[in-house]
Amino acid sequence: MKKCEAAVWGLAVWFSLVGIAVSAADFSLVGDINPGVDGSNPRALYVFNGNLYFRAHTPESGLELWKVDSTTKSPILIKDINPGLSDGLEYTEPHSSLCPNTQPYYAALGGNLYFAADDGLHGLELWRTDGTTSGTALVRDIKNGPLSSNPISLSATSRLFFRADSSVWSYRDDTDDLQCTVIVFT
């Protein structure tokens, strides 16, 4: 997958079937999420369970989580997490836009993709999706209420580890066990 600028479509998700694309003919438009020259500004691309997940913006839903389904090959809004025009996801880039590292945004564990989102009620908190609207939900409101715990640096082994509210946390999806973890370096 490659992010390309096109005069007709704006910034959109494109793909190439050749190893190294050298001309515009080597690319195909996946889908025009936000028709017109403004584009959807897709970012933070991540492959999970054979589907491509990414953040994209539309005037109707703001910046939200999308996927390109591997069977239909078309972009699908997973869920309008912060309904309406408000953004459910943040616009921050972890590294340069030329070579962004998407790992801090997402981590896969136990059939779910974990990420940080804001539904407008709980602040920026830990969320998960199985790739469906009904399977996309807040995991836990770590900093109760509208304040954000700001989960970052997500990483998974047999547990999900992340930093939130100035602490390191771990989460087991099979037992729904969330713990503030103390890591001692010796």
# chains A, B, ... in the order shown; residues from 1 in each chain; ligands from 1

$ residues_around --residues "Asn34 (chain A)" --least-positions-apart "6" --cutoff "8 Å" --atoms "only C-alpha atoms" --output "PyMOL selection string"
chain A and resi 40+57-59

$ closest_atom_pairs --of "region 42-99 of chain A" --to "region 123-147 of chain A" --cutoff "8 Å" --atoms "only C-alpha atoms" --output "JSON lines"
{"residue": "A:Lys67", "atom": "CA", "partner": "A:Gly131", "partner_atom": "CA", "distance": 7.8}
{"residue": "A:Ile78", "atom": "CA", "partner": "A:Thr133", "partner_atom": "CA", "distance": 5.4}
{"residue": "A:Lys79", "atom": "CA", "partner": "A:Thr133", "partner_atom": "CA", "distance": 5.2}

$ closest_residue --among "A:Tyr114, A:Tyr46, A:Tyr105, A:Tyr53" --to "Leu160 (chain A)" --atoms "only C-alpha atoms"
A:Tyr114

$ residues_around --residues "Ala56 (chain A)" --least-positions-apart "6" --cutoff "8 Å" --atoms "only C-alpha atoms" --output "list of chain:residue names"
A:Ser40, A:Asn41, A:Pro42, A:Arg43, A:Gly62, A:Leu63, A:Glu64, A:Leu65, A:Trp66

$ atom_distance --atom1 "CA of Ser148 (chain A)" --atom2 "CA of His122 (chain A)"
6.9 Å

$ decode --residues "region 46-95 of chain A" --atoms "C-alpha atoms" --output "PDB file, in the first residue's frame"
ATOM      1  CA  TYR A  46      -1.524  -1.214   9.856  1.00  0.00           C
ATOM      2  CA  VAL A  47      -2.280  -4.730   8.617  1.00  0.00           C
ATOM      3  CA  PHE A  48      -4.328  -6.875  11.014  1.00  0.00           C
ATOM      4  CA  ASN A  49      -6.123 -10.158  10.237  1.00  0.00           C
ATOM      5  CA  GLY A  50      -5.510  -9.641   6.522  1.00  0.00           C
ATOM      6  CA  ASN A  51      -7.184  -6.214   6.440  1.00  0.00           C
ATOM      7  CA  LEU A  52      -5.566  -2.791   6.177  1.00  0.00           C
ATOM      8  CA  TYR A  53      -6.519  -0.457   9.056  1.00  0.00           C
ATOM      9  CA  PHE A  54      -5.893   3.277   8.926  1.00  0.00           C
ATOM     10  CA  ARG A  55      -7.026   6.658  10.178  1.00  0.00           C
ATOM     11  CA  ALA A  56      -8.905   8.848   7.714  1.00  0.00           C
ATOM     12  CA  HIS A  57     -10.946  12.036   7.811  1.00  0.00           C
ATOM     13  CA  THR A  58     -14.313  12.865   6.287  1.00  0.00           C
ATOM     14  CA  PRO A  59     -16.399  15.994   6.883  1.00  0.00           C
ATOM     15  CA  GLU A  60     -19.276  13.788   8.113  1.00  0.00           C
ATOM     16  CA  SER A  61     -17.389  11.732  10.718  1.00  0.00           C
ATOM     17  CA  GLY A  62     -14.123  13.540  11.435  1.00  0.00           C
ATOM     18  CA  LEU A  63     -10.933  11.479  11.910  1.00  0.00           C
ATOM     19  CA  GLU A  64     -11.932   7.867  12.586  1.00  0.00           C
ATOM     20  CA  LEU A  65     -10.699   4.285  12.183  1.00  0.00           C
ATOM     21  CA  TRP A  66     -11.224   2.693   8.751  1.00  0.00           C
ATOM     22  CA  LYS A  67     -10.265  -0.583   7.135  1.00  0.00           C
ATOM     23  CA  VAL A  68      -9.887  -1.933   3.653  1.00  0.00           C
ATOM     24  CA  ASP A  69     -11.654  -5.280   3.813  1.00  0.00           C
ATOM     25  CA  SER A  70      -9.597  -8.051   2.207  1.00  0.00           C
ATOM     26  CA  THR A  71     -12.683  -9.618   0.613  1.00  0.00           C
ATOM     27  CA  THR A  72     -14.471  -6.556  -0.806  1.00  0.00           C
ATOM     28  CA  LYS A  73     -11.290  -4.499  -1.367  1.00  0.00           C
ATOM     29  CA  SER A  74     -13.173  -1.357  -0.407  1.00  0.00           C
ATOM     30  CA  PRO A  75     -12.746   1.066   2.522  1.00  0.00           C
ATOM     31  CA  ILE A  76     -15.183   0.735   5.431  1.00  0.00           C
ATOM     32  CA  LEU A  77     -15.651   3.073   8.397  1.00  0.00           C
ATOM     33  CA  ILE A  78     -15.263   0.767  11.407  1.00  0.00           C
ATOM     34  CA  LYS A  79     -17.253   3.014  13.751  1.00  0.00           C
ATOM     35  CA  ASP A  80     -17.884   6.722  14.211  1.00  0.00           C
ATOM     36  CA  ILE A  81     -16.408   6.611  17.717  1.00  0.00           C
ATOM     37  CA  ASN A  82     -17.030  10.294  18.445  1.00  0.00           C
ATOM     38  CA  PRO A  83     -20.323  10.677  16.538  1.00  0.00           C
ATOM     39  CA  GLY A  84     -20.771  13.490  14.088  1.00  0.00           C
ATOM     40  CA  LEU A  85     -18.122  15.977  13.029  1.00  0.00           C
ATOM     41  CA  SER A  86     -15.861  15.445  16.059  1.00  0.00           C
ATOM     42  CA  ASP A  87     -12.712  13.335  15.753  1.00  0.00           C
ATOM     43  CA  GLY A  88     -12.593   9.965  17.500  1.00  0.00           C
ATOM     44  CA  LEU A  89      -8.837   9.708  16.892  1.00  0.00           C
ATOM     45  CA  GLU A  90      -5.979  12.166  17.241  1.00  0.00           C
ATOM     46  CA  TYR A  91      -4.040  13.782  14.407  1.00  0.00           C
ATOM     47  CA  THR A  92      -0.610  13.265  15.962  1.00  0.00           C
ATOM     48  CA  GLU A  93       2.168  11.567  14.005  1.00  0.00           C
ATOM     49  CA  PRO A  94       4.685   9.522  16.026  1.00  0.00           C
ATOM     50  CA  HIS A  95       7.555  10.161  13.569  1.00  0.00           C
TER      51      HIS A  95
END
